[in-house]
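Note: the block below is work04.csv and it holds CSV, C-alpha atoms and all ligand atoms.
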chain,number,residue,atom,x,y,z
A,1,MET,CA,-2.3,11.9,27.6
A,2,ASN,CA,-2.8,8.3,28.7
A,3,LYS,CA,-2.6,6.3,25.5
A,4,ALA,CA,-4.0,3.1,27.0
A,5,LEU,CA,-7.0,5.0,28.2
A,6,MET,CA,-7.6,6.6,24.8
A,7,ALA,CA,-7.2,3.2,23.2
A,8,PHE,CA,-9.9,1.9,25.6
A,9,HIS,CA,-12.3,4.7,24.5
A,10,ILE,CA,-11.6,4.0,20.9
A,11,TRP,CA,-12.2,0.3,21.4
A,12,SER,CA,-15.5,1.1,23.2
A,13,ILE,CA,-16.6,3.1,20.2
A,14,VAL,CA,-15.6,0.6,17.4
A,15,SER,CA,-16.9,-2.4,19.4
A,16,LYS,CA,-20.1,-0.5,20.2
A,17,ARG,CA,-19.7,-1.3,23.9
A,18,ASP,CA,-22.9,-1.0,25.8
A,19,SER,CA,-22.7,2.5,27.4
A,20,LEU,CA,-24.5,5.8,27.2
A,21,TRP,CA,-21.4,7.6,26.1
A,22,VAL,CA,-20.9,5.2,23.2
A,23,GLU,CA,-24.5,5.6,22.2
A,24,TRP,CA,-24.1,9.4,22.3
A,25,VAL,CA,-20.9,9.2,20.2
A,26,GLN,CA,-22.6,7.0,17.6
A,27,SER,CA,-25.6,9.4,17.3
A,28,TYR,CA,-24.0,12.8,17.6
A,29,ARG,CA,-20.4,12.4,16.5
A,30,LEU,CA,-20.4,9.6,13.9
A,31,LYS,CA,-24.0,9.8,12.6
A,32,GLY,CA,-23.6,6.5,10.8
A,33,LYS,CA,-20.0,7.2,9.5
A,34,SER,CA,-17.0,5.0,10.3
A,35,PHE,CA,-15.0,6.2,13.3
A,36,TRP,CA,-11.8,5.7,11.3
A,37,VAL,CA,-12.6,8.3,8.7
A,38,CYS,CA,-15.0,10.7,10.3
A,39,LYS,CA,-14.1,14.3,10.2
A,40,THR,CA,-13.3,16.4,13.2
A,41,PRO,CA,-15.6,19.4,13.5
A,42,ALA,CA,-13.7,22.7,14.0
A,43,ASN,CA,-15.6,23.4,17.2
A,44,CYS,CA,-15.3,20.1,19.0
A,45,CYS,CA,-14.0,19.6,22.5
A,46,SER,CA,-10.4,18.7,23.2
A,47,SER,CA,-11.1,15.3,24.6
A,48,TRP,CA,-12.7,14.2,21.3
A,49,ARG,CA,-9.8,15.8,19.4
A,50,ASN,CA,-7.4,13.7,21.5
A,51,ILE,CA,-9.3,10.6,20.7
A,52,ILE,CA,-9.2,11.4,17.0
A,53,HIS,CA,-5.6,12.2,17.2
A,54,MET,CA,-4.9,8.6,18.5
A,55,ARG,CA,-6.7,7.0,15.5
A,56,PRO,CA,-3.6,6.4,13.3
A,57,LEU,CA,-1.7,4.7,16.1
A,58,ILE,CA,-4.6,2.5,17.2
A,59,ARG,CA,-6.2,1.7,13.8
A,60,LYS,CA,-3.8,-0.9,12.6
A,61,HIS,CA,-4.3,-2.9,15.8
A,62,VAL,CA,-8.1,-3.2,15.6
A,63,TRP,CA,-8.7,-6.3,13.5
A,64,SER,CA,-12.1,-7.6,12.6
A,65,GLU,CA,-12.3,-11.4,12.4
A,66,LEU,CA,-15.0,-12.1,9.9
A,67,GLY,CA,-18.0,-14.2,10.7
A,68,ASP,CA,-21.1,-13.2,8.7
A,69,GLY,CA,-19.4,-9.9,7.7
A,70,ALA,CA,-22.5,-7.9,8.9
A,71,SER,CA,-20.9,-5.6,11.4
A,72,THR,CA,-17.6,-5.0,9.6
A,73,SER,CA,-17.2,-1.9,7.4
A,74,ALA,CA,-16.2,-3.1,3.9
A,75,TRP,CA,-14.1,-0.1,3.2
A,76,PHE,CA,-12.7,1.3,6.5
A,77,ASP,CA,-12.2,-1.6,8.9
A,78,PHE,CA,-9.1,-3.9,8.9
A,79,TRP,CA,-10.4,-7.3,8.0
A,80,CYS,CA,-7.9,-8.5,5.4
A,81,ASP,CA,-4.1,-8.3,5.1
A,82,LEU,CA,-4.4,-5.6,2.4
A,83,GLY,CA,-5.4,-3.2,5.2
A,84,PRO,CA,-8.6,-1.1,4.9
A,85,LEU,CA,-9.7,-1.2,1.2
A,86,GLY,CA,-10.5,2.5,1.5
A,87,ASP,CA,-6.7,3.1,1.7
A,88,PHE,CA,-6.6,2.7,-2.1
A,89,LEU,CA,-10.2,2.8,-3.2
A,90,THR,CA,-11.3,6.4,-3.1
A,91,PRO,CA,-14.9,7.3,-1.9
A,92,ARG,CA,-15.5,8.3,-5.6
A,93,THR,CA,-14.4,4.9,-6.9
A,94,ILE,CA,-16.6,3.2,-4.3
A,95,THR,CA,-19.7,5.2,-5.0
A,96,ASP,CA,-19.2,5.2,-8.8
A,97,ALA,CA,-19.4,1.4,-8.6
A,98,ASP,CA,-22.9,1.8,-7.0
A,99,PHE,CA,-21.6,0.8,-3.5
A,100,ARG,CA,-22.3,2.9,-0.4
A,101,LEU,CA,-19.6,4.1,2.0
A,102,ASP,CA,-21.4,2.5,4.9
A,103,ASN,CA,-21.5,-1.0,3.3
A,104,SER,CA,-20.6,-3.9,5.4
A,105,VAL,CA,-18.5,-6.8,4.2
A,106,ALA,CA,-21.7,-8.8,3.9
A,107,ASN,CA,-23.2,-6.2,1.6
A,108,ILE,CA,-20.5,-6.6,-1.0
A,109,TYR,CA,-20.2,-10.3,-0.9
A,110,SER,CA,-22.8,-12.8,-2.2
A,111,HIS,CA,-22.8,-16.5,-3.0
A,112,GLY,CA,-19.1,-16.9,-2.5
A,113,TYR,CA,-18.1,-13.9,-4.8
A,114,TRP,CA,-17.2,-10.3,-4.3
A,115,ASN,CA,-19.7,-8.0,-6.0
A,116,TRP,CA,-17.1,-5.4,-7.2
A,117,PRO,CA,-16.8,-4.8,-10.9
A,118,MET,CA,-14.3,-6.8,-12.9
A,119,ALA,CA,-12.5,-3.6,-13.9
A,120,TRP,CA,-11.4,-3.2,-10.3
A,121,ARG,CA,-9.5,-6.5,-10.5
A,122,ASP,CA,-7.6,-5.1,-13.4
A,123,THR,CA,-6.9,-1.7,-11.8
A,124,TYR,CA,-6.2,-3.2,-8.3
A,125,PRO,CA,-4.9,-6.7,-9.0
A,126,VAL,CA,-4.2,-7.1,-5.3
A,127,LEU,CA,-8.0,-7.7,-4.9
A,128,ILE,CA,-7.5,-11.1,-6.4
A,129,GLN,CA,-5.9,-12.1,-3.1
A,130,LEU,CA,-9.3,-11.8,-1.4
A,131,ASP,CA,-10.7,-14.7,-3.4
A,132,GLU,CA,-9.6,-16.9,-0.5
A,133,VAL,CA,-11.8,-15.0,2.0
A,134,GLN,CA,-15.0,-16.8,3.0
A,135,LEU,CA,-17.9,-15.6,5.2
A,136,ASN,CA,-19.5,-17.8,7.8
A,137,PRO,CA,-23.2,-16.9,8.2
A,138,THR,CA,-23.5,-18.7,11.5
A,139,LYS,CA,-20.9,-16.6,13.3
A,140,HIS,CA,-20.8,-12.9,14.2
A,141,ASP,CA,-17.8,-10.7,13.3
A,142,LYS,CA,-15.5,-10.3,16.3
A,143,LEU,CA,-13.0,-7.5,17.0
A,144,LEU,CA,-9.6,-8.5,18.1
A,145,TRP,CA,-6.4,-6.7,19.1
A,146,LYS,CA,-3.7,-7.3,16.5
A,147,ASP,CA,0.0,-6.9,17.2
A,148,ASP,CA,2.1,-7.9,14.2
A,149,SER,CA,0.7,-11.4,13.6
A,150,ASP,CA,-0.7,-11.9,17.1
A,151,LEU,CA,-4.5,-11.7,17.5
A,152,ASP,CA,-5.9,-11.4,21.0
A,153,GLU,CA,-8.8,-10.2,23.1
A,154,PHE,CA,-8.5,-6.5,23.9
A,155,SER,CA,-6.9,-5.7,27.2
A,156,SER,CA,-5.2,-2.6,28.5
A,157,SER,CA,-1.9,-4.3,29.1
A,158,ARG,CA,-1.8,-5.6,25.5
A,159,VAL,CA,-2.5,-2.0,24.3
A,160,TRP,CA,0.2,-0.7,26.5
A,161,ASN,CA,2.7,-3.2,25.1
A,162,SER,CA,1.8,-2.4,21.6
A,163,VAL,CA,1.9,1.3,21.8
A,164,ARG,CA,4.6,2.2,24.4
A,165,TYR,CA,8.0,2.2,22.8
A,166,LYS,CA,7.0,1.8,19.2
A,167,GLU,CA,8.5,4.4,16.8
A,168,PRO,CA,6.0,5.9,14.4
A,169,ASP,CA,6.0,4.3,11.0
A,170,VAL,CA,8.9,5.4,8.8
A,171,ASN,CA,7.9,8.1,6.5
A,172,TRP,CA,7.9,6.2,3.3
A,173,CYS,CA,4.9,8.2,1.9
A,174,ASN,CA,7.3,10.7,0.3
A,175,ILE,CA,8.9,7.9,-1.8
A,176,VAL,CA,5.5,6.6,-2.9
A,177,TRP,CA,3.2,9.5,-3.4
A,178,PHE,CA,5.4,12.4,-4.4
A,179,SER,CA,4.6,15.5,-6.5
A,180,GLN,CA,4.6,14.7,-10.3
A,181,CYS,CA,4.8,11.0,-9.7
A,182,ILE,CA,3.2,8.5,-12.2
A,183,PRO,CA,0.0,7.5,-10.4
A,184,ARG,CA,-0.3,3.9,-11.6
A,185,HIS,CA,3.4,3.4,-10.7
A,186,ALA,CA,2.8,4.9,-7.3
A,187,PHE,CA,0.0,2.5,-6.5
A,188,MET,CA,2.3,-0.4,-7.4
A,189,MET,CA,5.1,1.0,-5.2
A,190,TRP,CA,2.6,1.4,-2.3
A,191,LEU,CA,1.8,-2.4,-2.6
A,192,VAL,CA,5.5,-3.3,-2.7
A,193,VAL,CA,6.4,-1.1,0.3
A,194,LYS,CA,3.6,-2.7,2.2
A,195,GLY,CA,4.6,-6.2,1.0
A,196,LYS,CA,1.1,-6.8,-0.5
A,197,LEU,CA,1.9,-8.4,-3.8
A,198,LEU,CA,0.7,-12.0,-4.2
A,199,THR,CA,4.1,-13.5,-4.6
A,200,GLN,CA,4.8,-17.3,-4.7
A,201,ASP,CA,6.2,-17.4,-1.2
A,202,LYS,CA,2.8,-16.2,0.1
A,203,ILE,CA,0.9,-18.8,-1.9
A,204,LEU,CA,3.1,-21.5,-0.5
A,205,ASN,CA,2.5,-20.2,3.0
A,206,TRP,CA,-1.3,-20.4,2.7
A,207,ASP,CA,-1.4,-24.1,2.6
A,208,LEU,CA,1.7,-26.1,3.4
A,209,SER,CA,0.0,-29.3,2.1
A,210,ARG,CA,0.0,-27.8,-1.3
A,211,ARG,CA,3.8,-27.6,-1.3
A,212,LYS,CA,4.1,-31.0,-2.7
A,213,ASN,CA,2.2,-30.0,-5.8
A,214,MET,CA,4.0,-26.8,-6.1
A,215,ASN,CA,7.5,-28.1,-6.5
A,216,MET,CA,7.1,-26.9,-10.0
A,217,MET,CA,6.7,-23.3,-8.9
A,218,CYS,CA,9.7,-21.1,-9.7
A,219,CYS,CA,10.4,-17.4,-10.4
A,220,LEU,CA,9.5,-16.8,-14.0
A,221,LEU,CA,12.2,-14.2,-14.5
A,222,CYS,CA,15.2,-16.4,-13.6
A,223,PHE,CA,13.6,-19.9,-13.3
A,224,GLU,CA,15.5,-20.4,-10.0
A,225,ASN,CA,13.9,-20.4,-6.6
A,226,PHE,CA,10.3,-19.1,-6.1
A,227,ASP,CA,9.6,-15.4,-6.2
A,228,SER,CA,9.1,-13.1,-3.2
A,229,HIS,CA,9.3,-9.3,-2.6
A,230,PRO,CA,13.0,-9.2,-1.9
A,231,HIS,CA,13.7,-11.7,-4.7
A,232,LEU,CA,11.8,-9.7,-7.4
A,233,PHE,CA,13.0,-6.3,-6.1
A,234,PHE,CA,15.8,-6.8,-7.2
A,235,GLU,CA,17.8,-9.8,-6.0
A,236,CYS,CA,16.6,-12.0,-8.8
A,237,LYS,CA,19.3,-12.4,-11.5
A,238,TYR,CA,17.0,-10.9,-14.1
A,239,SER,CA,15.9,-8.0,-11.9
A,240,THR,CA,19.5,-7.2,-10.9
A,241,GLN,CA,20.4,-6.8,-14.6
A,242,VAL,CA,17.5,-4.4,-15.1
A,243,TRP,CA,18.3,-2.5,-11.9
A,244,PHE,CA,22.0,-2.1,-12.9
A,245,ARG,CA,21.1,-0.6,-16.2
A,246,ALA,CA,18.4,1.7,-14.7
A,247,ARG,CA,20.5,2.9,-11.8
A,248,GLN,CA,23.2,4.1,-14.2
A,249,ARG,CA,20.9,6.9,-15.2
A,250,VAL,CA,20.6,8.3,-11.7
A,251,ALA,CA,22.9,9.0,-8.9
A,252,MET,CA,22.4,5.5,-7.5
A,253,MET,CA,25.4,3.8,-8.9
A,254,PRO,CA,26.8,2.3,-5.7
A,255,ILE,CA,23.4,1.1,-4.5
A,256,SER,CA,23.1,-2.7,-4.4
A,257,PRO,CA,20.1,-4.5,-5.9
A,258,LYS,CA,18.7,-5.0,-2.3
A,259,TRP,CA,15.3,-3.5,-1.6
A,260,ARG,CA,16.2,-2.4,1.9
A,261,ASP,CA,19.4,-0.6,0.6
A,262,ILE,CA,17.4,1.2,-2.1
A,263,VAL,CA,14.6,2.3,0.2
A,264,ASP,CA,17.0,3.4,2.9
A,265,TRP,CA,18.9,5.5,0.3
A,266,LEU,CA,15.6,7.1,-0.8
A,267,LEU,CA,14.2,7.6,2.7
A,268,VAL,CA,17.2,9.8,3.7
A,269,ARG,CA,16.5,12.0,0.7
A,270,ALA,CA,12.7,11.6,0.6
A,271,ARG,CA,11.9,15.2,1.3
A,272,SER,CA,14.5,16.7,-1.0
A,273,LYS,CA,13.2,19.0,-3.7
A,274,SER,CA,16.2,18.3,-5.9
A,275,ALA,CA,15.4,17.2,-9.5
A,276,LEU,CA,18.1,14.5,-9.2
A,277,ILE,CA,16.3,12.9,-6.4
A,278,TYR,CA,13.0,13.3,-8.2
A,279,VAL,CA,14.4,11.3,-11.2
A,280,ALA,CA,15.9,8.7,-8.8
A,281,LYS,CA,12.5,8.1,-7.3
A,282,LEU,CA,10.9,7.9,-10.8
A,283,ILE,CA,13.5,5.3,-11.8
A,284,VAL,CA,13.1,3.1,-8.7
A,285,VAL,CA,9.3,3.2,-8.9
A,286,ALA,CA,9.2,2.5,-12.6
A,287,SER,CA,11.7,-0.4,-12.2
A,288,THR,CA,9.4,-1.9,-9.6
A,289,TYR,CA,6.3,-1.4,-11.8
A,290,PHE,CA,7.8,-2.9,-15.0
A,291,ILE,CA,9.4,-5.9,-13.3
A,292,TRP,CA,6.1,-6.9,-11.7
A,293,GLN,CA,4.4,-6.3,-15.1
A,294,GLU,CA,7.0,-8.5,-16.8
A,295,ARG,CA,6.5,-11.2,-14.2
A,296,ASN,CA,2.8,-11.2,-14.8
A,297,ALA,CA,3.2,-11.0,-18.6
A,298,ARG,CA,5.2,-14.2,-18.4
A,299,LEU,CA,2.7,-15.8,-16.1
A,300,PHE,CA,-0.5,-14.9,-17.8
A,301,LYS,CA,0.5,-14.2,-21.5
A,302,ASN,CA,3.7,-16.2,-21.9
A,303,GLN,CA,5.4,-13.0,-23.2
A,304,LEU,CA,9.1,-12.7,-22.5
A,305,ARG,CA,11.3,-9.6,-22.8
A,306,PRO,CA,15.0,-9.6,-22.2
A,307,PRO,CA,16.3,-7.5,-19.3
A,308,GLU,CA,17.9,-5.0,-21.7
A,309,GLN,CA,14.6,-4.3,-23.3
A,310,LEU,CA,12.9,-3.8,-20.0
A,311,SER,CA,15.4,-1.4,-18.7
A,312,GLU,CA,15.1,0.5,-22.0
A,313,ILE,CA,11.3,0.8,-21.4
A,314,ILE,CA,11.9,2.0,-17.8
A,315,ILE,CA,14.4,4.7,-19.0
A,316,ASN,CA,12.1,5.8,-21.8
A,317,THR,CA,9.1,6.0,-19.5
A,318,VAL,CA,11.0,8.2,-17.1
A,319,ARG,CA,12.3,10.3,-20.0
A,320,TYR,CA,8.7,10.9,-21.3
A,321,LYS,CA,7.7,11.9,-17.8
A,322,LEU,CA,10.6,14.3,-17.5
A,323,MET,CA,9.6,15.9,-20.8
A,324,GLY,CA,6.3,16.9,-19.3
A,325,ALA,CA,7.4,17.7,-15.8
A,326,LYS,CA,7.4,21.1,-14.3
A,327,LEU,CA,11.0,21.8,-13.1
A,328,LYS,CA,12.8,24.8,-11.8
A,329,ASN,CA,15.0,26.6,-14.3
A,330,THR,CA,18.4,26.1,-12.6
A,331,ALA,CA,21.8,25.2,-14.0
A,332,SER,CA,21.5,21.7,-12.4
A,333,VAL,CA,18.1,21.1,-14.0
A,334,ARG,CA,19.3,22.2,-17.4
A,335,LYS,CA,22.3,19.9,-17.0
A,336,LEU,CA,20.1,17.0,-16.0
A,337,LEU,CA,17.7,17.5,-19.0
A,338,GLN,CA,20.7,17.6,-21.3
A,339,GLU,CA,22.0,14.3,-19.9
A,340,TRP,CA,18.6,12.9,-20.6
A,341,GLU,CA,18.8,14.4,-24.1
A,342,ILE,CA,15.7,16.5,-23.5
A,343,HIS,CA,15.8,19.7,-25.4
A,344,GLY,CA,13.5,22.7,-25.9
A,345,VAL,CA,11.4,22.0,-22.7
A,346,VAL,CA,10.0,25.1,-21.1
A,347,VAL,CA,11.1,25.1,-17.4
A,348,ASP,CA,9.4,27.3,-14.8
A,349,ASP,CA,11.2,30.2,-13.4
A,350,ASP,CA,9.6,29.9,-10.0
A,351,GLY,CA,7.8,26.5,-10.1
A,352,GLY,CA,8.9,23.6,-7.9
B,1,ZN,ZN,14.1,-14.8,-10.1

What would you get if you wrote out this structure as C-alpha cells?
Ligand SMILES: [Zn+2]
Amino acid sequence: MNKALMAFHIWSIVSKRDSLWVEWVQSYRLKGKSFWVCKTPANCCSSWRNIIHMRPLIRKHVWSELGDGASTSAWFDFWCDLGPLGDFLTPRTITDADFRLDNSVANIYSHGYWNWPMAWRDTYPVLIQLDEVQLNPTKHDKLLWKDDSDLDEFSSSRVWNSVRYKEPDVNWCNIVWFSQCIPRHAFMMWLVVKGKLLTQDKILNWDLSRRKNMNMMCCLLCFENFDSHPHLFFECKYSTQVWFRARQRVAMMPISPKWRDIVDWLLVRARSKSALIYVAKLIVVASTYFIWQERNARLFKNQLRPPEQLSEIIINTVRYKLMGAKLKNTASVRKLLQEWEIHGVVVDDDGG
C-alpha cells in the first residue's frame, strides 16, 4: 500500500478538493459526519477500508489553521494543541451540553468566548488554555500539514518524510486507561503523558515580552525555578519527597523521580495482569493527580499541605481503590492485600 497516495486521498477528502470522487465520498460515505470518526460499514470495499486504516497515522498531521472557524469541526479536527477535543469529550458529553456533533469551531464560539458550560472548565481544566484562541472573521480556515512543530502546505514529499520511518506511537494507553483505574486520575494522567497541562514554562513561551513581568513566577511547591511537566513529575524537591514515600508501597523502590524513568518502567510492564503492577500504576497515576491538585490548591486557594500529608492521601486513595477492586484469589494477591492491611475482602476465584 502506498502511504503517500493514501494520504493524498485523505487530504482530498478533508480539504474537500474539487472532484467527483470527493463529492461522492462526502455524500455516500460520510453523510455529514467527520471523516476522522466515521464508522466503516461491514460491507465496504477494500480501498475504502485501506483509507480508513491510514487515519490514525495521518490524523495528527492534518492541522486546521483557524480563520473564521466555519469549516473546522469543533470536536474532531486538530485546531489546538490539546488535539481533537473529541479525544476527551465523549459524544454524550457534547450532546448533553446541547451541542451537535457536526458543530464547527465558529458554532461554539461567540463574542470572544467559548459557549461551553462552566462545568466543563472544572471537569476539563485544560480547556482554560483555549482562552488564548481567537477567530478572525475575515479569513477562511486553512488546512496545513503538521510535522512536530512545522506547519506547511500539503505535498506528497512532506507526507513521505513524515510517515516513512516513523515508529508507531509507544503504547502508553495501557498505563493511562487500564481496567479498574480511577477515571478522574486517568484523565489527568492522559494530559500529563501528552504534556498538555498549562505549566509555567508554557505561559512564559506564549509571549516572551511578558517574561519581564513574570520574574516573580516560581514553582509553588518548592519556590525555586518555574514549574514544567518534568519539574512537577517528580523532579521538584517537594514532588520528589512525595514520590519517595509513595514508591515505597510498590515495587518501584529503585526508580528515580524522573518522569521518563517511571514511564519506561511502566511501559515495559504495561500489559502485565499482575496485581503488583496494577497497584504500581495506581500509585504513579494518583501521585500525578494529587501533585497537580496540590499545585492548583496553592495557586488558587492558598492551601498548603506538607509532602508527608500528600503521600498519605495518595496511599489511602490507592488503598480504598484496592478494597473495592476485583482481584484474582491467588497467594500473591492475598499477600499484597495483607501488606496493604486490607482484610476480609472477597476476591474472585476466576476474575481478572
Ligand atoms: Zn518545584

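Using only C-alpha atoms and all ligand atoms, the nearest neighbour of ligand ZN 1 (chain B) within the list A:His140, A:Lys281, A:Lys237, A:His343 is A:Lys237.
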
Task: Close residues, A:Pro84 itself excluded, 12 Å, all atoms listed in the file, min 2 positions apart in chain, as a ChimeraX atom specification - done: /A:34,36-37,59-64,72-82,86-90,105,127

So that I have them on file, write out the residues from the current selection with C-alpha atoms, as a PDB file, in the coordinates of the input.
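To be explicit, this is the file written out as part.pdb:
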ATOM      1  CA  SER A  34     -17.000   5.000  10.300  1.00  0.00           C
ATOM      2  CA  TRP A  36     -11.800   5.700  11.300  1.00  0.00           C
ATOM      3  CA  VAL A  37     -12.600   8.300   8.700  1.00  0.00           C
ATOM      4  CA  ARG A  59      -6.200   1.700  13.800  1.00  0.00           C
ATOM      5  CA  LYS A  60      -3.800  -0.900  12.600  1.00  0.00           C
ATOM      6  CA  HIS A  61      -4.300  -2.900  15.800  1.00  0.00           C
ATOM      7  CA  VAL A  62      -8.100  -3.200  15.600  1.00  0.00           C
ATOM      8  CA  TRP A  63      -8.700  -6.300  13.500  1.00  0.00           C
ATOM      9  CA  SER A  64     -12.100  -7.600  12.600  1.00  0.00           C
ATOM     10  CA  THR A  72     -17.600  -5.000   9.600  1.00  0.00           C
ATOM     11  CA  SER A  73     -17.200  -1.900   7.400  1.00  0.00           C
ATOM     12  CA  ALA A  74     -16.200  -3.100   3.900  1.00  0.00           C
ATOM     13  CA  TRP A  75     -14.100  -0.100   3.200  1.00  0.00           C
ATOM     14  CA  PHE A  76     -12.700   1.300   6.500  1.00  0.00           C
ATOM     15  CA  ASP A  77     -12.200  -1.600   8.900  1.00  0.00           C
ATOM     16  CA  PHE A  78      -9.100  -3.900   8.900  1.00  0.00           C
ATOM     17  CA  TRP A  79     -10.400  -7.300   8.000  1.00  0.00           C
ATOM     18  CA  CYS A  80      -7.900  -8.500   5.400  1.00  0.00           C
ATOM     19  CA  ASP A  81      -4.100  -8.300   5.100  1.00  0.00           C
ATOM     20  CA  LEU A  82      -4.400  -5.600   2.400  1.00  0.00           C
ATOM     21  CA  GLY A  86     -10.500   2.500   1.500  1.00  0.00           C
ATOM     22  CA  ASP A  87      -6.700   3.100   1.700  1.00  0.00           C
ATOM     23  CA  PHE A  88      -6.600   2.700  -2.100  1.00  0.00           C
ATOM     24  CA  LEU A  89     -10.200   2.800  -3.200  1.00  0.00           C
ATOM     25  CA  THR A  90     -11.300   6.400  -3.100  1.00  0.00           C
ATOM     26  CA  VAL A 105     -18.500  -6.800   4.200  1.00  0.00           C
ATOM     27  CA  LEU A 127      -8.000  -7.700  -4.900  1.00  0.00           C
TER      28      LEU A 127
END

- [ ] May I ask you to write as JSON, numbers by chain all residues lying at most 12 Å from ligand ZN 1 (chain B), with all atoms listed in the file counted?
- [x] {"A": [199, 200, 217, 218, 219, 220, 221, 222, 223, 224, 225, 226, 227, 228, 229, 230, 231, 232, 233, 234, 235, 236, 237, 238, 239, 240, 241, 291, 292, 294, 295, 307]}

Produce a file of the selected residues containing C-alpha atoms, as a JSON list (two decimals), keeping the file's coordinate frame.
[["chain", "number", "residue", "atom", "x", "y", "z"],
["A", 199, "THR", "CA", 4.10, -13.50, -4.60],
["A", 200, "GLN", "CA", 4.80, -17.30, -4.70],
["A", 217, "MET", "CA", 6.70, -23.30, -8.90],
["A", 218, "CYS", "CA", 9.70, -21.10, -9.70],
["A", 219, "CYS", "CA", 10.40, -17.40, -10.40],
["A", 220, "LEU", "CA", 9.50, -16.80, -14.00],
["A", 221, "LEU", "CA", 12.20, -14.20, -14.50],
["A", 222, "CYS", "CA", 15.20, -16.40, -13.60],
["A", 223, "PHE", "CA", 13.60, -19.90, -13.30],
["A", 224, "GLU", "CA", 15.50, -20.40, -10.00],
["A", 225, "ASN", "CA", 13.90, -20.40, -6.60],
["A", 226, "PHE", "CA", 10.30, -19.10, -6.10],
["A", 227, "ASP", "CA", 9.60, -15.40, -6.20],
["A", 228, "SER", "CA", 9.10, -13.10, -3.20],
["A", 229, "HIS", "CA", 9.30, -9.30, -2.60],
["A", 230, "PRO", "CA", 13.00, -9.20, -1.90],
["A", 231, "HIS", "CA", 13.70, -11.70, -4.70],
["A", 232, "LEU", "CA", 11.80, -9.70, -7.40],
["A", 233, "PHE", "CA", 13.00, -6.30, -6.10],
["A", 234, "PHE", "CA", 15.80, -6.80, -7.20],
["A", 235, "GLU", "CA", 17.80, -9.80, -6.00],
["A", 236, "CYS", "CA", 16.60, -12.00, -8.80],
["A", 237, "LYS", "CA", 19.30, -12.40, -11.50],
["A", 238, "TYR", "CA", 17.00, -10.90, -14.10],
["A", 239, "SER", "CA", 15.90, -8.00, -11.90],
["A", 240, "THR", "CA", 19.50, -7.20, -10.90],
["A", 241, "GLN", "CA", 20.40, -6.80, -14.60],
["A", 291, "ILE", "CA", 9.40, -5.90, -13.30],
["A", 292, "TRP", "CA", 6.10, -6.90, -11.70],
["A", 294, "GLU", "CA", 7.00, -8.50, -16.80],
["A", 295, "ARG", "CA", 6.50, -11.20, -14.20],
["A", 307, "PRO", "CA", 16.30, -7.50, -19.30]]

TODO: Grab the atom CA of A:Ala286 to atom CA of A:Val192 distance for me, in Å with one decimal place.
DONE: 12.1 Å

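Straight-line separation from atom CA of A:Thr95 to atom CA of A:Pro117: 12.0 Å.
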
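If only C-alpha atoms are the atoms counted, then among A:Val133, A:Met189, A:Val163, A:Ala251 the closest residue to A:Lys146 is A:Val163.
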
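Here atom CA of A:Thr123 and atom CA of A:Lys39 stand 28.1 Å from one another.
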
- [ ] Between A:Trp145, A:Val22, A:Leu30, A:Tyr109, single out the one closest to A:Ala7, counting all atoms listed in the file.
- [x] A:Trp145

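Within the 8 Å cut-off around A:Ile51, using only C-alpha atoms and omitting residues fewer than 3 positions from it on the same chain, the listed residues are Met6, His9, Ile10, Ser47, Trp48, Met54 and Arg55 of chain A.
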
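Nearest to A:Asp141 of all the residues A:Glu341, A:Asp68, A:Glu312, A:Glu153 is A:Asp68, counting all atoms listed in the file.
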